[in-house]
Every structure is written in structure tokens, then in C-alpha cells.
file structure_9.txt (compact mmCIF, C-alpha atoms and all ligand atoms)
# COMPACT_ATOMS: atom_id res chain seq x y z
CA MET A 236 0.00 0.00 0.00
CA TYR A 237 1.32 3.42 -1.01
CA ASP A 238 2.07 5.66 1.96
CA PRO A 239 3.25 9.01 0.52
CA GLU A 240 5.42 10.05 3.44
CA THR A 241 7.46 6.86 3.78
CA TYR A 242 7.59 6.38 0.00
CA TRP A 243 9.02 9.85 -0.72
CA ILE A 244 11.53 9.81 2.10
CA GLU A 245 12.88 6.48 0.80
CA ARG A 246 12.73 7.43 -2.88
CA GLY A 247 14.34 10.79 -2.10
CA LYS A 248 17.58 8.98 -1.20
CA THR A 249 18.26 8.18 -4.88
CA TYR A 250 15.86 10.48 -6.74
CA GLU A 251 18.45 12.90 -8.08
CA GLU A 252 20.99 10.27 -9.16
CA ARG A 253 18.30 8.25 -10.95
CA PHE A 254 16.68 11.28 -12.57
CA VAL A 255 16.97 11.15 -16.36
CA ARG A 256 16.28 14.46 -18.03
CA ARG A 257 13.93 13.91 -20.96
CA ALA A 258 12.33 16.11 -23.62
CA ALA A 259 9.18 16.10 -21.48
CA HIS A 260 11.06 17.90 -18.69
CA ALA A 261 12.28 20.57 -21.09
CA SER A 262 8.76 21.15 -22.46
CA GLN A 263 7.36 21.22 -18.92
CA GLU A 264 9.95 23.80 -17.79
CA GLU A 265 9.27 25.98 -20.85
CA ALA A 266 5.51 25.79 -20.25
CA ILE A 267 5.98 26.75 -16.58
CA LEU A 268 8.08 29.80 -17.45
CA ALA A 269 5.62 30.79 -20.19
CA ALA A 270 2.66 30.48 -17.80
CA LEU A 271 4.38 32.84 -15.35
CA GLU A 272 5.29 35.43 -18.00
CA GLY A 273 3.88 38.84 -17.10
CA LYS A 274 2.67 37.74 -13.66
CA GLY A 275 3.70 39.92 -10.73
CA TYR A 276 5.14 38.16 -7.70
CA ARG A 277 7.95 38.86 -5.24
CA SER A 278 7.86 35.70 -3.16
CA ILE A 279 7.59 32.01 -4.01
CA LEU A 280 6.79 28.99 -1.89
CA GLU A 281 7.65 25.80 -3.76
CA VAL A 282 6.05 22.72 -2.24
CA GLY A 283 7.82 19.43 -3.01
CA CYS A 284 10.87 21.24 -4.36
CA GLY A 285 12.74 17.95 -4.86
CA PHE A 286 16.40 18.49 -5.72
CA GLY A 287 15.78 22.07 -6.87
CA ARG A 288 15.18 21.51 -10.59
CA ILE A 289 12.31 24.03 -10.81
CA GLY A 290 13.47 26.32 -8.00
CA ALA A 291 16.80 26.95 -9.74
CA LEU A 292 14.88 28.00 -12.87
CA LEU A 293 12.44 30.25 -11.05
CA ILE A 294 15.04 32.22 -9.14
CA LYS A 295 16.89 33.03 -12.37
CA LYS A 296 13.77 34.62 -13.81
CA VAL A 297 13.00 37.59 -11.54
CA PRO A 298 14.29 38.90 -8.18
CA VAL A 299 12.26 36.97 -5.61
CA ASP A 300 12.32 35.55 -2.13
CA TYR A 301 12.19 31.79 -2.56
CA LEU A 302 11.36 29.08 0.00
CA GLY A 303 11.38 25.45 -1.11
CA ILE A 304 9.99 22.74 1.18
CA ASP A 305 10.32 18.98 0.92
CA PRO A 306 9.97 16.22 3.51
CA SER A 307 12.87 14.22 2.07
CA PRO A 308 16.15 15.19 3.76
CA ASP A 309 18.16 14.00 0.74
CA GLN A 310 16.09 16.01 -1.73
CA ALA A 311 16.14 19.10 0.50
CA ILE A 312 19.95 18.91 0.87
CA ALA A 313 20.32 18.56 -2.91
CA ALA A 314 17.97 21.53 -3.49
CA ALA A 315 19.90 23.73 -1.07
CA LYS A 316 23.17 22.95 -2.85
CA ARG A 317 21.63 23.59 -6.26
CA LEU A 318 20.40 26.97 -5.03
CA GLY A 319 23.88 27.88 -3.84
CA ILE A 320 23.24 27.55 -0.11
CA ASP A 321 26.40 26.32 1.61
CA PHE A 322 26.67 24.28 4.76
CA THR A 323 29.41 22.32 6.48
CA PRO A 324 29.91 18.53 6.06
CA GLU A 325 28.94 18.12 9.74
CA GLU A 326 25.69 20.01 9.16
CA GLU A 327 25.02 17.86 6.10
CA VAL A 328 25.33 14.67 8.17
CA SER A 329 22.90 15.98 10.77
CA PHE A 330 20.46 17.33 8.13
CA ARG A 331 20.42 13.96 6.38
CA ALA A 332 19.26 12.30 9.59
CA SER A 333 16.41 14.67 10.39
CA THR A 334 13.55 16.87 9.26
CA GLY A 335 12.46 20.30 10.47
CA TRP A 336 15.72 22.09 9.60
CA GLU A 337 15.94 25.17 7.39
CA VAL A 338 18.91 26.72 5.60
CA THR A 339 18.85 30.25 4.24
CA ARG A 340 21.03 32.52 2.17
CA GLU A 341 20.52 36.22 1.50
CA THR A 342 21.38 37.41 -2.00
CA ARG A 343 20.95 40.72 -3.75
CA ALA A 344 18.12 39.14 -5.75
CA GLY A 345 16.28 37.93 -2.62
CA THR A 346 16.32 35.29 0.10
CA ARG A 347 16.83 31.63 -0.82
CA ALA A 348 15.67 29.11 1.75
CA ILE A 349 15.06 25.38 1.92
CA ARG A 350 13.13 23.75 4.75
CA CYS A 351 12.95 20.01 5.19
CA VAL A 352 9.28 19.54 6.03
CA SER A 353 6.06 18.21 4.51
CA LEU A 354 3.33 20.66 3.54
CA GLU A 355 1.13 19.28 6.31
CA ASP A 356 3.77 19.89 9.02
CA PHE A 357 4.69 23.27 7.50
CA VAL A 358 1.14 24.63 7.87
CA ALA A 359 0.60 23.04 11.26
CA GLU A 360 2.08 26.32 12.53
CA PRO A 361 0.91 29.61 11.01
CA GLN A 362 3.06 30.58 8.02
CA ALA A 363 3.17 33.79 6.01
CA ALA A 364 1.58 33.38 2.60
CA ALA A 365 3.67 33.80 -0.58
CA ASP A 366 2.66 35.63 -3.76
CA LEU A 367 3.15 32.48 -5.81
CA VAL A 368 2.87 28.87 -4.66
CA VAL A 369 4.35 26.25 -6.99
CA ALA A 370 4.00 22.45 -6.88
CA VAL A 371 5.41 20.51 -9.82
CA GLU A 372 4.67 16.78 -10.07
CA VAL A 373 3.44 16.78 -6.50
CA LEU A 374 -0.38 16.60 -6.71
CA MET A 375 -0.17 13.59 -9.05
CA HIS A 376 1.46 11.67 -6.18
CA GLN A 377 -1.24 12.54 -3.62
CA PRO A 378 -3.96 9.89 -3.27
CA PRO A 379 -7.52 10.91 -4.25
CA GLU A 380 -8.62 10.90 -0.57
CA THR A 381 -6.14 13.66 0.38
CA VAL A 382 -5.48 15.60 -2.83
CA GLY A 383 -8.42 18.02 -2.31
CA ALA A 384 -7.21 19.11 1.13
CA PHE A 385 -3.62 19.29 -0.15
CA ALA A 386 -4.64 21.58 -3.05
CA GLU A 387 -6.75 23.74 -0.73
CA THR A 388 -3.68 24.17 1.51
CA LEU A 389 -1.61 25.26 -1.49
CA ARG A 390 -4.26 27.88 -2.29
CA ARG A 391 -4.44 29.12 1.31
CA GLN A 392 -0.65 29.66 1.35
CA SER A 393 -0.85 31.88 -1.75
CA ARG A 394 -1.80 35.55 -1.98
CA ARG A 395 -1.91 35.62 -5.79
CA TYR A 396 -1.16 32.54 -7.89
CA VAL A 397 -0.91 28.80 -7.56
CA LEU A 398 0.96 27.00 -10.32
CA THR A 399 0.89 23.23 -10.55
CA ALA A 400 2.20 20.92 -13.26
CA ASP A 401 1.27 17.27 -13.58
CA TRP A 402 0.83 14.35 -15.95
CA ASP A 403 -2.89 14.65 -16.48
CA VAL A 404 -3.79 12.77 -19.67
CA PRO A 405 -5.11 9.21 -19.22
CA VAL A 406 -2.99 6.38 -20.59
CA ALA A 407 -3.91 2.82 -21.46
CA GLY A 408 -3.06 0.18 -18.87
CA ARG A 409 -2.18 0.37 -15.19
CA ILE A 410 -0.28 3.26 -13.73
CA ALA A 411 2.17 2.91 -10.83
CA PRO A 412 0.65 2.88 -7.31
CA TRP A 413 2.30 6.26 -6.53
CA ASN A 414 0.76 8.02 -9.57
CA PHE A 415 -2.80 9.30 -9.77
CA LEU A 416 -4.92 11.06 -12.39
CA HIS A 417 -6.92 13.88 -10.86
CA ASP A 418 -9.59 16.25 -12.12
CA TYR A 419 -7.45 19.36 -11.55
CA PRO A 420 -10.08 22.07 -12.20
CA SER A 421 -12.30 20.50 -9.55
CA ILE A 422 -9.54 20.49 -6.92
CA LEU A 423 -7.83 23.80 -7.78
CA GLY A 424 -10.84 26.05 -8.39
CA PRO A 425 -10.99 28.34 -11.44
CA VAL A 426 -7.82 27.51 -13.29
CA LYS A 427 -6.14 27.97 -16.67
CA ARG A 428 -4.50 24.91 -18.23
CA THR A 429 -1.78 25.06 -20.82
CA ALA A 430 -0.39 21.94 -22.42
CA ALA A 431 3.20 21.06 -21.63
CA GLY A 432 3.83 18.32 -24.17
CA PRO A 433 1.37 15.60 -25.12
CA ARG A 434 0.49 14.29 -21.65
CA GLN A 435 1.20 17.07 -19.18
CA GLY A 436 -0.64 20.20 -18.12
CA VAL A 437 0.44 23.35 -16.34
CA TYR A 438 -2.35 24.90 -14.26
CA VAL A 439 -2.44 28.45 -12.93
CA GLY A 440 -5.15 29.35 -10.44
CA ARG A 441 -5.73 31.99 -7.77
CA GLY A 442 -4.53 31.94 -4.20
CA LEU A 443 -6.97 32.34 -1.31
CA ALA A 444 -4.80 34.20 1.24
CA ARG A 445 -5.54 37.89 1.82
C1 LIG A 501 8.11 13.70 -8.36
S1 LIG A 501 8.96 14.61 -7.14
C2 LIG A 501 8.99 16.22 -7.92
C3 LIG A 501 10.14 17.07 -7.44
C4 LIG A 501 10.24 18.46 -8.10
N1 LIG A 501 9.03 19.24 -7.88
C5 LIG A 501 10.52 18.33 -9.59
O1 LIG A 501 9.56 18.45 -10.38
O2 LIG A 501 11.67 18.09 -9.96
C6 LIG A 501 7.73 14.86 -5.86
C7 LIG A 501 8.29 15.58 -4.65
O3 LIG A 501 7.21 15.90 -3.77
C8 LIG A 501 7.66 15.73 -2.45
N2 LIG A 501 6.51 15.53 -1.56
C9 LIG A 501 5.79 14.38 -1.41
N3 LIG A 501 4.86 14.55 -0.46
C10 LIG A 501 4.98 15.82 -0.01
C11 LIG A 501 4.31 16.57 1.01
N4 LIG A 501 3.32 16.04 1.72
N5 LIG A 501 4.70 17.86 1.22
C12 LIG A 501 5.70 18.40 0.49
N6 LIG A 501 6.38 17.73 -0.47
C13 LIG A 501 6.02 16.45 -0.72
C14 LIG A 501 8.58 14.52 -2.55
O4 LIG A 501 9.46 14.38 -1.45
C15 LIG A 501 9.28 14.77 -3.86
O5 LIG A 501 10.50 15.45 -3.70
call {"tool": "encode", "arguments": {"input": "structure_9.txt", "output": "C-alpha cells", "more": "lines below"}}
Ligand SMILES: C[S@@+](CC[C@H](N)C(=O)[O-])C[C@H]1O[C@@H](n2cnc3c(N)ncnc32)[C@H](O)[C@@H]1O
result
Amino acid sequence: MYDPETYWIERGKTYEERFVRRAAHASQEEAILAALEGKGYRSILEVGCGFGRIGALLIKKVPVDYLGIDPSPDQAIAAAKRLGIDFTPEEEVSFRASTGWEVTRETRAGTRAIRCVSLEDFVAEPQAAADLVVAVEVLMHQPPETVGAFAETLRRQSRRYVLTADWDVPVAGRIAPWNFLHDYPSILGPVKRTAAGPRQGVYVGRGLAR
């Protein structure tokens, strides 16, 4: 039985080294940047930032404060390094063994921060909303029973926009137990979809925080 938390902490140990960059990733990244073109935002919360693939792109685009969160210590460490946040080898050993830590770096283009935490634990304490909340290939791994509440939490953490990207076109045959097809407009509220390659969609909706 798929348990998201244990699955992603275990998979996070080898996710980056096993990641194979395909054409679909390039088209997804282009579609994400295109969907954000002309949008005004000064702060980003990226939920499920993984090893920093999308975060590194987003911080190049405009001066922003960026916070990436991920419950996998290995993914969060990799994301921090990719975003240019340094830490000592001793810190790395202790980060790898735990969650709840955060590393931050101030730059002239804004703050870069990574926190090792799940979305659920992050919002268990009040958190300031961001202008833009991003979650790429994260909702598709949430089971149908919890995806609605997860998406609602993304919207509540955003003052302006929520951008999600997922594989959303049905395929023949069985899909892996950790992948789900959701009806994104029904869980994200009024939303605009743009295609990112033949089977993926990028969705931009409105945040609920005021
Ligand atoms: C398929 S990976 C995508 C990583 C990254 N967004 C990318 O596209 O390269 C899914 C990520 O979501 C994270 N994740 C899973 N459950 C989460 C939760 N409850 N809160 C925050 N992140 C979660 C996983 O640890 C994993 O890094």
C-alpha cells in the first residue's frame, strides 16, 4: 500500500541520481516559465521542491524571495546545494538524519531558503503566505482521498497565484501505485490549463490568502 510520506523519504535517497532528463522535462519547464510570463510576484513557496530543478529556474527569472519545502532530507539537501546555499559537512550529516531544519542565504536578488518539512507539518504552525505557490509533479502523487485538502492548503498559502504541473492525460493500462490522475479544475478552483507536451498540463489558479 502506497504511503506518501514513507515512500518519498525512501525514494528521495536516490531520486536525483536516478533522474533522467527527458524532452518532457524541457517542455514542462518551458511551459511553466511561459505560464508565469507577465505575472507579478515577489515571493515564491515551492512545495515538493525535490532536488531544486524548478526552484533553480524560477530564481533566475526575476528577483524573488524563494522558500522550497520537501519532507525528504536527501532532496532538501540537494535543493539547497543547487540553489547555492552552503553548509558544512557536519551540518550535512545531521540534516540527512532529520527533518524540520531550514537553511537560508541572503542574496541581492532575494532570500533563498530550503526547509525540510512536509506541507502538512509546515502549515501546522501559522506561516506567512507567498505571492506564488508552486507544486510541480506533486499533486499527481497525492492519493484521491487527500489531494483536495492538499490543493486547498496550497491555495491558502498563496496571496496571488498557484501553479501546478502534472501528468494529467489518461494512458492505457495500469499506472504505478504512486501516480494518480486527478480532475485538476475541480480540486484547484478556477484555473487555466496550458499543455506542456502531449500528456502534461500546467495549471495556474488563484490563491486564497488575503
Ligand atoms: C516527483 S517529485 C517532484 C520534485 C520536483 N518538484 C521536480 O519536479 O523536480 C515529488 C516531490 O514531492 C515531495 N513531496 C511528497 N509529499 C509531499 C508533502 N506532503 N509535502 C511536500 N512535499 C512532498 C517529494 O518528497 C518529492 O521530492
call {"tool": "closest_residue", "arguments": {"input": "structure_9.txt", "among": "A:Ala359, A:Val255, A:Cys284, A:Ile349", "to": "ligand LIG 501 (chain A)", "atoms": "all atoms listed in the file"}}
result
A:Cys284
call {"tool": "residues_near_ligand", "arguments": {"input": "structure_9.txt", "ligand": "ligand LIG 501 (chain A)", "cutoff": "8 Å", "atoms": "only C-alpha atoms and all ligand atoms", "output": "VMD selection string"}}
result
chain A and resid 239 to 240 243 to 244 246 to 247 250 281 to 289 304 to 307 310 to 311 352 to 355 370 to 373 376 to 377 385
call {"tool": "axis_aligned_box", "arguments": {"input": "structure_9.txt", "around": "range 390-402 of chain A", "padding_each_side": "6 Å", "output": "lines of an AutoDock Vina configuration file"}}
result
center_x = -1.1
center_y = 25.0
center_z = -7.3
size_x = 18.6
size_y = 33.3
size_z = 29.3
call {"tool": "closest_residue", "arguments": {"input": "structure_9.txt", "among": "A:Ala314, A:Val382, A:Lys248, A:Ser393", "to": "Ala332 in chain A", "atoms": "only C-alpha atoms"}}
result
A:Lys248
call {"tool": "closest_residue", "arguments": {"input": "structure_9.txt", "among": "A:Val358, A:Leu416, A:Val404, A:Ala313", "to": "Pro433 in chain A", "atoms": "all atoms listed in the file"}}
result
A:Val404
call {"tool": "build_atoms", "arguments": {"input": "structure_9.txt", "residues": "range 382-417 of chain A", "atoms": "N, CA and C atoms", "output": "short mmCIF file (atom, residue, chain, number, x, y, z; two decimals), in the coordinates of the input"}}
result
data_model
loop_
_atom_site.label_atom_id
_atom_site.label_comp_id
_atom_site.auth_asym_id
_atom_site.auth_seq_id
_atom_site.Cartn_x
_atom_site.Cartn_y
_atom_site.Cartn_z
N VAL A 382 -5.96 14.58 -1.90
CA VAL A 382 -5.48 15.60 -2.83
C VAL A 382 -6.28 16.91 -2.73
N GLY A 383 -7.58 16.81 -2.40
CA GLY A 383 -8.42 18.02 -2.31
C GLY A 383 -7.92 18.92 -1.18
N ALA A 384 -7.68 18.32 -0.02
CA ALA A 384 -7.21 19.11 1.13
C ALA A 384 -5.81 19.66 0.85
N PHE A 385 -4.99 18.86 0.19
CA PHE A 385 -3.62 19.29 -0.15
C PHE A 385 -3.68 20.53 -1.06
N ALA A 386 -4.53 20.46 -2.10
CA ALA A 386 -4.64 21.58 -3.05
C ALA A 386 -5.21 22.82 -2.36
N GLU A 387 -6.16 22.62 -1.48
CA GLU A 387 -6.75 23.74 -0.73
C GLU A 387 -5.66 24.42 0.12
N THR A 388 -4.78 23.62 0.71
CA THR A 388 -3.68 24.17 1.51
C THR A 388 -2.74 24.98 0.63
N LEU A 389 -2.45 24.48 -0.56
CA LEU A 389 -1.61 25.26 -1.49
C LEU A 389 -2.26 26.62 -1.74
N ARG A 390 -3.56 26.62 -1.97
CA ARG A 390 -4.26 27.88 -2.29
C ARG A 390 -4.26 28.82 -1.09
N ARG A 391 -4.40 28.26 0.11
CA ARG A 391 -4.44 29.12 1.31
C ARG A 391 -3.08 29.73 1.61
N GLN A 392 -2.00 29.12 1.11
CA GLN A 392 -0.65 29.66 1.35
C GLN A 392 -0.28 30.72 0.31
N SER A 393 -1.18 30.96 -0.67
CA SER A 393 -0.85 31.88 -1.75
C SER A 393 -1.73 33.13 -1.72
N ARG A 394 -1.05 34.28 -1.90
CA ARG A 394 -1.80 35.55 -1.98
C ARG A 394 -2.28 35.81 -3.40
N ARG A 395 -1.56 35.27 -4.41
CA ARG A 395 -1.91 35.62 -5.79
C ARG A 395 -2.12 34.39 -6.68
N TYR A 396 -1.07 33.62 -6.90
CA TYR A 396 -1.16 32.54 -7.89
C TYR A 396 -0.74 31.20 -7.30
N VAL A 397 -1.37 30.16 -7.82
CA VAL A 397 -0.91 28.80 -7.56
C VAL A 397 -0.61 28.17 -8.91
N LEU A 398 0.60 27.68 -9.06
CA LEU A 398 0.96 27.00 -10.32
C LEU A 398 1.27 25.54 -10.00
N THR A 399 0.58 24.65 -10.70
CA THR A 399 0.89 23.23 -10.55
C THR A 399 1.15 22.64 -11.93
N ALA A 400 1.94 21.59 -12.00
CA ALA A 400 2.20 20.92 -13.26
C ALA A 400 2.18 19.43 -12.99
N ASP A 401 1.42 18.71 -13.80
CA ASP A 401 1.27 17.27 -13.58
C ASP A 401 0.99 16.54 -14.88
N TRP A 402 1.21 15.23 -14.84
CA TRP A 402 0.83 14.35 -15.95
C TRP A 402 -0.66 14.12 -15.80
N ASP A 403 -1.45 14.62 -16.72
CA ASP A 403 -2.89 14.65 -16.48
C ASP A 403 -3.72 14.05 -17.62
N VAL A 404 -3.06 13.37 -18.55
CA VAL A 404 -3.79 12.77 -19.67
C VAL A 404 -3.82 11.25 -19.47
N PRO A 405 -5.02 10.65 -19.48
CA PRO A 405 -5.11 9.21 -19.22
C PRO A 405 -4.29 8.39 -20.23
N VAL A 406 -3.74 7.30 -19.72
CA VAL A 406 -2.99 6.38 -20.59
C VAL A 406 -3.64 5.00 -20.49
N ALA A 407 -3.38 4.19 -21.50
CA ALA A 407 -3.91 2.82 -21.46
C ALA A 407 -3.11 2.02 -20.43
N GLY A 408 -3.77 1.08 -19.78
CA GLY A 408 -3.06 0.18 -18.87
C GLY A 408 -2.96 0.75 -17.46
N ARG A 409 -2.29 -0.02 -16.61
CA ARG A 409 -2.18 0.37 -15.19
C ARG A 409 -1.11 1.43 -15.00
N ILE A 410 -1.35 2.33 -14.08
CA ILE A 410 -0.28 3.26 -13.73
C ILE A 410 0.29 2.85 -12.36
N ALA A 411 1.50 3.32 -12.07
CA ALA A 411 2.17 2.91 -10.83
C ALA A 411 1.35 3.34 -9.61
N PRO A 412 1.47 2.59 -8.50
CA PRO A 412 0.65 2.88 -7.31
C PRO A 412 0.89 4.28 -6.73
N TRP A 413 2.02 4.93 -7.07
CA TRP A 413 2.30 6.26 -6.53
C TRP A 413 1.87 7.39 -7.49
N ASN A 414 1.25 7.02 -8.62
CA ASN A 414 0.76 8.02 -9.57
C ASN A 414 -0.76 8.01 -9.62
N PHE A 415 -1.34 9.21 -9.72
CA PHE A 415 -2.80 9.30 -9.77
C PHE A 415 -3.18 10.31 -10.84
N LEU A 416 -4.35 10.09 -11.45
CA LEU A 416 -4.92 11.06 -12.39
C LEU A 416 -6.01 11.80 -11.65
N HIS A 417 -5.90 13.11 -11.58
CA HIS A 417 -6.92 13.88 -10.86
C HIS A 417 -7.66 14.79 -11.82
#
